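Everything below belongs to upload-v2.tsv, which stores TSV, C-alpha atoms.
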```tsv
chain	number	residue	atom	x	y	z
A	237	MET	CA	-19.57	20.83	-0.81
A	238	ILE	CA	-17.54	21.69	2.29
A	239	ARG	CA	-19.58	21.41	5.47
A	240	LEU	CA	-18.47	23.93	8.08
A	241	LYS	CA	-19.26	22.69	11.59
A	242	ASN	CA	-20.78	24.78	14.37
A	243	ASP	CA	-19.65	24.66	17.99
A	244	LYS	CA	-22.20	22.00	18.94
A	245	GLU	CA	-21.13	19.75	16.08
A	246	ILE	CA	-17.45	20.21	16.85
A	247	ASP	CA	-18.12	19.33	20.48
A	248	GLY	CA	-19.81	16.08	19.37
A	249	ILE	CA	-16.93	15.28	17.02
A	250	ARG	CA	-14.45	16.09	19.80
A	251	LYS	CA	-16.09	13.56	22.13
A	252	SER	CA	-15.90	10.91	19.42
A	253	CYS	CA	-12.24	11.79	18.80
A	254	HIS	CA	-11.36	11.62	22.50
A	255	LEU	CA	-12.98	8.21	22.71
A	256	LEU	CA	-10.88	7.12	19.74
A	257	ALA	CA	-7.72	8.38	21.44
A	258	ASP	CA	-8.69	6.37	24.52
A	259	LEU	CA	-9.08	3.32	22.29
A	260	PHE	CA	-5.55	3.76	20.96
A	261	ASN	CA	-4.28	4.09	24.53
A	262	GLU	CA	-5.81	0.72	25.32
A	263	ILE	CA	-4.98	-1.10	22.07
A	264	ILE	CA	-1.42	-0.04	21.24
A	265	PRO	CA	0.23	-1.88	24.18
A	266	LYS	CA	-1.55	-5.09	23.10
A	267	VAL	CA	-0.10	-5.10	19.58
A	268	LYS	CA	2.63	-7.67	20.15
A	269	PRO	CA	4.14	-10.66	18.34
A	270	GLY	CA	1.71	-13.56	18.19
A	271	VAL	CA	-1.59	-11.69	18.07
A	272	THR	CA	-3.69	-11.84	14.93
A	273	THR	CA	-5.13	-8.84	13.18
A	274	LYS	CA	-8.59	-10.31	13.81
A	275	GLN	CA	-7.89	-10.25	17.56
A	276	ILE	CA	-6.91	-6.59	17.33
A	277	ASP	CA	-10.08	-5.83	15.42
A	278	ASP	CA	-12.21	-7.68	17.99
A	279	TRP	CA	-10.65	-5.60	20.77
A	280	CYS	CA	-11.56	-2.45	18.83
A	281	VAL	CA	-15.16	-3.57	18.25
A	282	ASN	CA	-15.65	-4.46	21.92
A	283	PHE	CA	-14.21	-1.15	23.10
A	284	ILE	CA	-16.31	0.93	20.72
A	285	ARG	CA	-19.52	-0.87	21.62
A	286	ARG	CA	-18.76	-0.68	25.34
A	287	PHE	CA	-19.02	3.10	25.11
A	288	GLY	CA	-22.09	3.22	22.88
A	289	GLY	CA	-20.37	3.81	19.58
A	290	ARG	CA	-20.30	2.04	16.24
A	291	PRO	CA	-17.28	1.23	14.06
A	292	ALA	CA	-17.35	3.99	11.45
A	293	TRP	CA	-15.96	1.86	8.61
A	294	TYR	CA	-19.04	-0.39	8.64
A	295	ALA	CA	-20.89	2.40	6.81
A	296	GLU	CA	-18.29	2.13	4.03
A	297	GLY	CA	-18.76	-1.62	3.69
A	298	PHE	CA	-15.35	-2.41	5.17
A	299	PRO	CA	-15.25	-5.80	6.94
A	300	GLY	CA	-13.80	-4.58	10.22
A	301	ALA	CA	-13.59	-1.81	12.80
A	302	ALA	CA	-9.91	-1.22	12.03
A	303	CYS	CA	-7.92	-1.15	8.82
A	304	ILE	CA	-4.80	-3.04	9.91
A	305	SER	CA	-1.97	-2.70	7.42
A	306	ILE	CA	1.40	-4.39	7.97
A	307	ASN	CA	4.77	-3.53	6.44
A	308	GLU	CA	4.36	-3.14	2.64
A	309	GLU	CA	0.58	-2.71	3.07
A	310	VAL	CA	-0.17	1.02	2.87
A	311	ILE	CA	-3.85	1.22	3.86
A	312	HIS	CA	-7.09	-0.74	4.18
A	313	GLY	CA	-5.60	-4.01	5.40
A	314	VAL	CA	-8.44	-6.42	6.20
A	315	PRO	CA	-8.38	-8.08	9.65
A	316	SER	CA	-7.76	-11.81	9.46
A	317	LYS	CA	-7.38	-14.79	11.78
A	318	LYS	CA	-4.52	-15.92	9.54
A	319	ARG	CA	-2.46	-12.71	9.72
A	320	VAL	CA	-0.15	-12.89	12.74
A	321	VAL	CA	1.86	-9.92	13.99
A	322	LYS	CA	5.62	-10.62	14.11
A	323	ASP	CA	8.58	-9.08	15.85
A	324	GLY	CA	9.93	-6.18	13.78
A	325	ASP	CA	6.63	-5.43	12.02
A	326	LEU	CA	5.16	-2.00	11.36
A	327	VAL	CA	1.43	-2.28	12.09
A	328	SER	CA	-0.75	0.65	11.01
A	329	LEU	CA	-4.10	0.90	12.79
A	330	ASP	CA	-6.63	3.14	10.99
A	331	ILE	CA	-9.77	3.39	13.13
A	332	GLY	CA	-12.93	5.50	13.12
A	333	ILE	CA	-15.80	5.75	15.57
A	334	ASP	CA	-19.37	6.84	14.95
A	335	LEU	CA	-20.53	8.18	18.31
A	336	GLY	CA	-24.10	9.38	18.03
A	337	GLY	CA	-23.61	10.47	14.43
A	338	TYR	CA	-20.26	12.18	15.03
A	339	ILE	CA	-17.28	10.62	13.26
A	340	SER	CA	-13.65	10.44	14.40
A	341	ASP	CA	-10.73	9.20	12.31
A	342	SER	CA	-7.12	8.54	13.29
A	343	THR	CA	-4.21	6.27	12.43
A	344	HIS	CA	-1.07	5.28	14.28
A	345	THR	CA	1.68	2.96	13.15
A	346	VAL	CA	2.90	0.67	15.92
A	347	MET	CA	6.52	-0.46	15.88
A	348	VAL	CA	6.50	-4.04	17.16
A	349	GLY	CA	9.57	-5.27	19.01
A	350	GLY	CA	12.96	-5.03	17.31
A	351	VAL	CA	12.15	-2.78	14.36
A	352	LYS	CA	15.04	-2.11	11.98
A	353	LYS	CA	16.65	1.33	11.97
A	354	GLU	CA	15.50	2.11	8.43
A	355	HIS	CA	11.89	1.40	9.41
A	356	ARG	CA	12.11	3.44	12.61
A	357	GLN	CA	13.38	6.32	10.50
A	358	LEU	CA	10.42	5.96	8.14
A	359	VAL	CA	7.99	6.16	11.05
A	360	ALA	CA	9.78	9.19	12.51
A	361	ALA	CA	9.67	11.01	9.16
A	362	THR	CA	5.96	10.23	8.68
A	363	ARG	CA	5.14	11.59	12.13
A	364	GLU	CA	7.22	14.67	11.37
A	365	GLY	CA	5.30	15.13	8.12
A	366	LEU	CA	1.97	14.86	9.94
A	367	GLN	CA	3.08	17.48	12.43
A	368	ALA	CA	4.14	19.79	9.59
A	369	GLY	CA	0.79	19.31	7.86
A	370	ILE	CA	-1.11	20.13	11.04
A	371	PHE	CA	1.05	23.22	11.62
A	372	ALA	CA	0.17	24.44	8.09
A	373	CYS	CA	-3.55	23.85	8.67
A	374	THR	CA	-4.61	27.28	9.89
A	375	ALA	CA	-7.48	29.57	8.94
A	376	GLY	CA	-6.52	31.70	5.94
A	377	HIS	CA	-4.09	29.18	4.45
A	378	ARG	CA	-5.08	26.86	1.61
A	379	ILE	CA	-5.30	23.08	1.38
A	380	SER	CA	-2.17	23.09	-0.79
A	381	ASP	CA	-0.21	24.46	2.18
A	382	ILE	CA	-0.93	21.23	4.06
A	383	SER	CA	0.08	19.13	1.04
A	384	ASN	CA	3.29	21.07	0.47
A	385	ALA	CA	4.26	20.86	4.14
A	386	VAL	CA	3.90	17.07	4.18
A	387	TYR	CA	5.77	16.66	0.88
A	388	GLU	CA	8.58	18.98	1.93
A	389	VAL	CA	9.35	16.90	5.01
A	390	CYS	CA	8.76	13.39	3.72
A	391	ASN	CA	10.11	13.64	0.18
A	392	LYS	CA	12.40	16.62	-0.14
A	393	GLN	CA	14.02	16.24	3.28
A	394	HIS	CA	13.90	12.46	3.74
A	395	GLY	CA	13.58	11.14	0.16
A	396	TYR	CA	10.55	8.90	0.71
A	397	GLY	CA	7.70	8.19	-1.69
A	398	VAL	CA	4.62	10.21	-0.75
A	399	VAL	CA	1.47	8.33	-1.79
A	400	TYR	CA	-0.61	10.49	-4.13
A	401	GLU	CA	-3.47	8.15	-5.12
A	402	TYR	CA	-5.07	8.37	-1.65
A	403	CYS	CA	-5.40	11.38	0.58
A	404	GLY	CA	-6.91	13.00	3.65
A	405	HIS	CA	-10.36	14.53	3.67
A	406	GLY	CA	-13.06	16.37	5.53
A	407	VAL	CA	-14.68	14.35	8.30
A	408	GLY	CA	-17.02	14.64	11.27
A	409	LEU	CA	-20.58	14.19	10.06
A	410	ASP	CA	-19.68	11.58	7.42
A	411	VAL	CA	-16.65	9.35	7.08
A	412	HIS	CA	-15.46	11.09	3.92
A	413	GLU	CA	-16.37	14.70	3.21
A	414	ASP	CA	-15.03	17.51	1.07
A	415	PRO	CA	-12.40	18.81	0.73
A	416	SER	CA	-9.77	16.28	-0.29
A	417	VAL	CA	-6.48	16.87	1.53
A	418	PRO	CA	-3.69	15.49	-0.68
A	419	ASN	CA	-0.19	14.80	0.59
A	420	VAL	CA	1.20	15.71	-2.84
A	421	TRP	CA	-0.08	18.87	-4.46
A	422	ASN	CA	-0.83	18.40	-8.16
A	423	GLY	CA	-3.26	21.24	-8.74
A	424	GLY	CA	-7.03	21.10	-8.73
A	425	ALA	CA	-9.48	22.59	-6.27
A	426	ASN	CA	-7.61	24.49	-3.59
A	427	PRO	CA	-10.09	25.94	-1.09
A	428	ARG	CA	-9.04	28.34	1.60
A	429	ILE	CA	-8.96	26.81	5.07
A	430	GLN	CA	-11.79	28.26	7.17
A	431	ALA	CA	-12.97	28.20	10.75
A	432	GLY	CA	-15.45	25.33	11.11
A	433	MET	CA	-13.55	22.89	8.91
A	434	VAL	CA	-12.82	19.49	10.41
A	435	LEU	CA	-10.14	17.62	8.49
A	436	ALA	CA	-8.38	14.27	8.60
A	437	ILE	CA	-4.73	14.86	7.72
A	438	GLU	CA	-3.00	11.58	6.91
A	439	PRO	CA	0.42	11.15	5.36
A	440	MET	CA	0.96	7.71	3.76
A	441	ILE	CA	4.67	7.36	3.16
A	442	ASN	CA	6.64	4.59	1.43
A	443	ILE	CA	10.36	3.90	1.71
A	444	GLY	CA	10.53	3.45	-2.06
A	445	THR	CA	8.12	4.37	-4.83
A	446	ALA	CA	5.09	6.54	-4.22
A	447	ASP	CA	3.08	4.24	-6.50
A	448	VAL	CA	0.62	1.75	-5.02
A	449	VAL	CA	-1.33	-1.29	-6.20
A	450	LEU	CA	-4.66	-2.72	-5.08
A	451	ASP	CA	-4.67	-6.26	-3.72
A	452	GLU	CA	-6.79	-8.35	-6.09
A	453	ASP	CA	-7.45	-10.97	-3.40
A	454	ASN	CA	-9.78	-8.84	-1.32
A	455	GLY	CA	-10.27	-5.59	-3.23
A	456	TRP	CA	-9.38	-3.52	-0.18
A	457	THR	CA	-5.72	-3.77	0.74
A	458	VAL	CA	-3.44	-1.20	-0.91
A	459	ARG	CA	0.28	-2.04	-1.12
A	460	SER	CA	3.38	-0.21	-2.24
A	461	ALA	CA	4.03	-1.07	-5.86
A	462	ASP	CA	7.63	-2.12	-5.18
A	463	ASN	CA	6.84	-3.95	-1.90
A	464	THR	CA	8.90	-1.54	0.19
A	465	TRP	CA	7.54	-0.80	3.64
A	466	SER	CA	5.05	1.95	4.38
A	467	CYS	CA	3.90	4.09	7.30
A	468	HIS	CA	0.57	5.84	7.88
A	469	GLU	CA	-0.17	8.47	10.54
A	470	GLU	CA	-3.37	10.52	10.89
A	471	HIS	CA	-5.12	12.99	13.14
A	472	THR	CA	-8.53	14.66	12.97
A	473	VAL	CA	-8.23	18.42	13.49
A	474	ALA	CA	-10.75	21.25	13.88
A	475	VAL	CA	-9.99	24.71	12.54
A	476	PHE	CA	-10.93	27.80	14.55
A	477	ALA	CA	-10.34	31.44	13.68
A	478	ASP	CA	-7.32	31.72	15.97
A	479	HIS	CA	-6.02	28.15	16.32
A	480	THR	CA	-6.29	24.57	15.11
A	481	GLU	CA	-7.15	21.82	17.61
A	482	VAL	CA	-5.94	18.24	17.25
A	483	LEU	CA	-9.13	16.48	18.30
A	484	THR	CA	-7.69	12.96	18.39
A	485	GLN	CA	-4.88	13.94	20.77
A	486	CYS	CA	-5.28	12.96	24.41
A	487	ASP	CA	-2.79	13.09	27.26
A	488	GLY	CA	-2.46	9.32	27.45
A	489	LEU	CA	-1.10	8.96	23.92
A	490	PRO	CA	2.66	8.89	23.37
A	491	ALA	CA	4.27	12.26	22.73
A	492	TRP	CA	4.66	11.55	19.01
A	493	ALA	CA	0.93	10.95	18.51
```

Now, as a test, write the supplied structure out as structure tokens.
Amino acid sequence: MIRLKNDKEIDGIRKSCHLLADLFNEIIPKVKPGVTTKQIDDWCVNFIRRFGGRPAWYAEGFPGAACISINEEVIHGVPSKKRVVKDGDLVSLDIGIDLGGYISDSTHTVMVGGVKKEHRQLVAATREGLQAGIFACTAGHRISDISNAVYEVCNKQHGYGVVYEYCGHGVGLDVHEDPSVPNVWNGGANPRIQAGMVLAIEPMINIGTADVVLDEDNGWTVRSADNTWSCHEEHTVAVFADHTEVLTQCDGLPAWA
């Protein structure tokens, strides 16, 4: 069931989203060679708690405040004291905040140091795909319009693998709500986009195959099936009758975010 949010609920979600954007502003400059993914996660936990929030992924049983996925890891990378960020890495930070029962969700991929041209191009295309998906997310359109916009940019224009086994979703009062928001449209339920919807739009794009595998070591980390590198970008948006607002966008974030 799709839960349409009223103005009061959207305002609460907006505050959570703005706090999450502030967290990214603080964390992104710290993601440098030599830090561990556990250190990054600790910074996230401390920030969230400082402002009275709770890491949203705890409700899902995930062992961290941030899913930190590096290079060939697509999503759900588990923070670890043993995983050290290196020069040239792509580090995807997928973070959610529960602020008084209102949930935010956003992801940004950080390019660390001297990132290769082919990997910079992957990040640029993923961000372009996210922007296209957001542009298609307007009242009166359908969910498939978001999917097709992402796929058109990332696959048809740039030739990348668009992950189809995982997708975006409704969000705001729970971490995962209806409807699903695929990045590849393969049929199925296709609700019309309505005012009051709050959606997490999140392209997950691989340089090579669109297929993914689950890491048997921890049961969380999802990797590209051919070990080519991946990028993940995500915003939470709220749909109104006459416009769509990117709730996780704040002035302090880089222009691409």

Edge lengths and centre, in Å to one decimal, as JSON: that's what I need for the box along x, y and z that holds all listed atoms of region 404-421 of chain A plus 8 Å on each side.
```
{"center_x": -9.7, "center_y": 14.1, "center_z": 3.4, "size_x": 37.8, "size_y": 25.5, "size_z": 31.7}
```

Original post:
Any idea what's packed within 12 Å of region 297-303 of chain A, counting all atoms listed in the file, ignoring anything in its chain fewer than 3 positions away? Could you give it as a ChimeraX atom specification?
Top reply: /A:256,259-260,263,273-285,289-294,306,309-316,327-334,341-345,411,454-458,468

Original post:
Taking into account all atoms listed in the file, which residue in the set A:Arg319, A:Arg250, A:Asn242, A:Ala375 is nearest to Val271 (chain A)?
Top reply: A:Arg319

Subject >> Residues within 8 Å of region 480-482 of chain A, only C-alpha atoms, excluding chain neighbours under 5 positions, as a PyMOL selection string >> reply: chain A and resi 370+373-374+471-475

Original post:
Mind pulling up the distance from CA of Asn307 (chain A) to CA of Leu326 (chain A)?
Top reply: 5.2 Å

Since the input lacks some atoms of region 336-347 of chain A, please model all heavy atoms and print them as a PDB file, in the coordinates of the input.
```
ATOM      1  N   GLY A 336     -22.901   8.566  18.125  1.00  0.00           N
ATOM      2  CA  GLY A 336     -24.100   9.380  18.030  1.00  0.00           C
ATOM      3  C   GLY A 336     -24.160  10.229  16.778  1.00  0.00           C
ATOM      4  O   GLY A 336     -24.729  11.338  16.801  1.00  0.00           O
ATOM      5  N   GLY A 337     -23.587   9.720  15.691  1.00  0.00           N
ATOM      6  CA  GLY A 337     -23.610  10.470  14.430  1.00  0.00           C
ATOM      7  C   GLY A 337     -22.407  11.362  14.221  1.00  0.00           C
ATOM      8  O   GLY A 337     -22.310  12.029  13.179  1.00  0.00           O
ATOM      9  N   TYR A 338     -21.482  11.377  15.153  1.00  0.00           N
ATOM     10  CA  TYR A 338     -20.260  12.180  15.030  1.00  0.00           C
ATOM     11  C   TYR A 338     -19.078  11.254  14.800  1.00  0.00           C
ATOM     12  O   TYR A 338     -18.850  10.308  15.569  1.00  0.00           O
ATOM     13  CB  TYR A 338     -20.044  13.053  16.266  1.00  0.00           C
ATOM     14  CG  TYR A 338     -21.138  14.080  16.459  1.00  0.00           C
ATOM     15  CD1 TYR A 338     -22.059  13.956  17.485  1.00  0.00           C
ATOM     16  CD2 TYR A 338     -21.254  15.166  15.601  1.00  0.00           C
ATOM     17  CE1 TYR A 338     -23.076  14.894  17.663  1.00  0.00           C
ATOM     18  CE2 TYR A 338     -22.264  16.110  15.763  1.00  0.00           C
ATOM     19  CZ  TYR A 338     -23.168  15.972  16.791  1.00  0.00           C
ATOM     20  OH  TYR A 338     -24.173  16.890  16.954  1.00  0.00           O
ATOM     21  N   ILE A 339     -18.296  11.543  13.743  1.00  0.00           N
ATOM     22  CA  ILE A 339     -17.280  10.620  13.260  1.00  0.00           C
ATOM     23  C   ILE A 339     -15.879  11.117  13.628  1.00  0.00           C
ATOM     24  O   ILE A 339     -15.528  12.278  13.413  1.00  0.00           O
ATOM     25  CB  ILE A 339     -17.347  10.475  11.728  1.00  0.00           C
ATOM     26  CG1 ILE A 339     -18.781  10.180  11.269  1.00  0.00           C
ATOM     27  CG2 ILE A 339     -16.377   9.404  11.257  1.00  0.00           C
ATOM     28  CD1 ILE A 339     -19.353   8.889  11.780  1.00  0.00           C
ATOM     29  N   SER A 340     -15.072  10.192  14.155  1.00  0.00           N
ATOM     30  CA  SER A 340     -13.650  10.440  14.400  1.00  0.00           C
ATOM     31  C   SER A 340     -12.826   9.552  13.483  1.00  0.00           C
ATOM     32  O   SER A 340     -13.289   8.495  13.032  1.00  0.00           O
ATOM     33  CB  SER A 340     -13.306  10.152  15.859  1.00  0.00           C
ATOM     34  OG  SER A 340     -13.765   8.861  16.244  1.00  0.00           O
ATOM     35  N   ASP A 341     -11.584   9.941  13.239  1.00  0.00           N
ATOM     36  CA  ASP A 341     -10.730   9.200  12.310  1.00  0.00           C
ATOM     37  C   ASP A 341      -9.273   9.456  12.683  1.00  0.00           C
ATOM     38  O   ASP A 341      -8.840  10.611  12.748  1.00  0.00           O
ATOM     39  CB  ASP A 341     -11.009   9.660  10.879  1.00  0.00           C
ATOM     40  CG  ASP A 341     -10.320   8.822   9.822  1.00  0.00           C
ATOM     41  OD1 ASP A 341      -9.611   7.868  10.178  1.00  0.00           O
ATOM     42  OD2 ASP A 341     -10.500   9.134   8.627  1.00  0.00           O
ATOM     43  N   SER A 342      -8.525   8.377  12.943  1.00  0.00           N
ATOM     44  CA  SER A 342      -7.120   8.540  13.290  1.00  0.00           C
ATOM     45  C   SER A 342      -6.364   7.264  12.958  1.00  0.00           C
ATOM     46  O   SER A 342      -6.951   6.179  12.909  1.00  0.00           O
ATOM     47  CB  SER A 342      -6.965   8.862  14.787  1.00  0.00           C
ATOM     48  OG  SER A 342      -5.623   9.171  15.120  1.00  0.00           O
ATOM     49  N   THR A 343      -5.074   7.406  12.727  1.00  0.00           N
ATOM     50  CA  THR A 343      -4.210   6.270  12.430  1.00  0.00           C
ATOM     51  C   THR A 343      -2.888   6.422  13.163  1.00  0.00           C
ATOM     52  O   THR A 343      -2.326   7.517  13.217  1.00  0.00           O
ATOM     53  CB  THR A 343      -3.901   6.176  10.920  1.00  0.00           C
ATOM     54  OG1 THR A 343      -5.112   6.139  10.175  1.00  0.00           O
ATOM     55  CG2 THR A 343      -3.064   4.946  10.601  1.00  0.00           C
ATOM     56  N   HIS A 344      -2.424   5.315  13.723  1.00  0.00           N
ATOM     57  CA  HIS A 344      -1.070   5.280  14.280  1.00  0.00           C
ATOM     58  C   HIS A 344      -0.389   4.000  13.840  1.00  0.00           C
ATOM     59  O   HIS A 344      -1.015   2.938  13.794  1.00  0.00           O
ATOM     60  CB  HIS A 344      -1.096   5.384  15.808  1.00  0.00           C
ATOM     61  CG  HIS A 344      -1.655   6.682  16.290  1.00  0.00           C
ATOM     62  ND1 HIS A 344      -1.094   7.893  15.961  1.00  0.00           N
ATOM     63  CD2 HIS A 344      -2.736   6.959  17.056  1.00  0.00           C
ATOM     64  CE1 HIS A 344      -1.805   8.871  16.510  1.00  0.00           C
ATOM     65  NE2 HIS A 344      -2.805   8.331  17.165  1.00  0.00           N
ATOM     66  N   THR A 345       0.885   4.114  13.513  1.00  0.00           N
ATOM     67  CA  THR A 345       1.680   2.960  13.150  1.00  0.00           C
ATOM     68  C   THR A 345       2.469   2.496  14.365  1.00  0.00           C
ATOM     69  O   THR A 345       3.244   3.274  14.941  1.00  0.00           O
ATOM     70  CB  THR A 345       2.630   3.284  11.982  1.00  0.00           C
ATOM     71  OG1 THR A 345       1.849   3.569  10.810  1.00  0.00           O
ATOM     72  CG2 THR A 345       3.548   2.112  11.680  1.00  0.00           C
ATOM     73  N   VAL A 346       2.260   1.244  14.739  1.00  0.00           N
ATOM     74  CA  VAL A 346       2.900   0.670  15.920  1.00  0.00           C
ATOM     75  C   VAL A 346       4.168  -0.066  15.489  1.00  0.00           C
ATOM     76  O   VAL A 346       4.129  -0.907  14.572  1.00  0.00           O
ATOM     77  CB  VAL A 346       1.955  -0.311  16.637  1.00  0.00           C
ATOM     78  CG1 VAL A 346       2.610  -0.858  17.904  1.00  0.00           C
ATOM     79  CG2 VAL A 346       0.626   0.371  16.969  1.00  0.00           C
ATOM     80  N   MET A 347       5.270   0.240  16.129  1.00  0.00           N
ATOM     81  CA  MET A 347       6.520  -0.460  15.880  1.00  0.00           C
ATOM     82  C   MET A 347       6.598  -1.635  16.853  1.00  0.00           C
ATOM     83  O   MET A 347       6.647  -1.433  18.073  1.00  0.00           O
ATOM     84  CB  MET A 347       7.708   0.489  16.050  1.00  0.00           C
ATOM     85  CG  MET A 347       7.749   1.583  15.008  1.00  0.00           C
ATOM     86  SD  MET A 347       9.187   2.690  15.147  1.00  0.00           S
ATOM     87  CE  MET A 347       8.692   3.666  16.581  1.00  0.00           C
TER      88      MET A 347
END
```
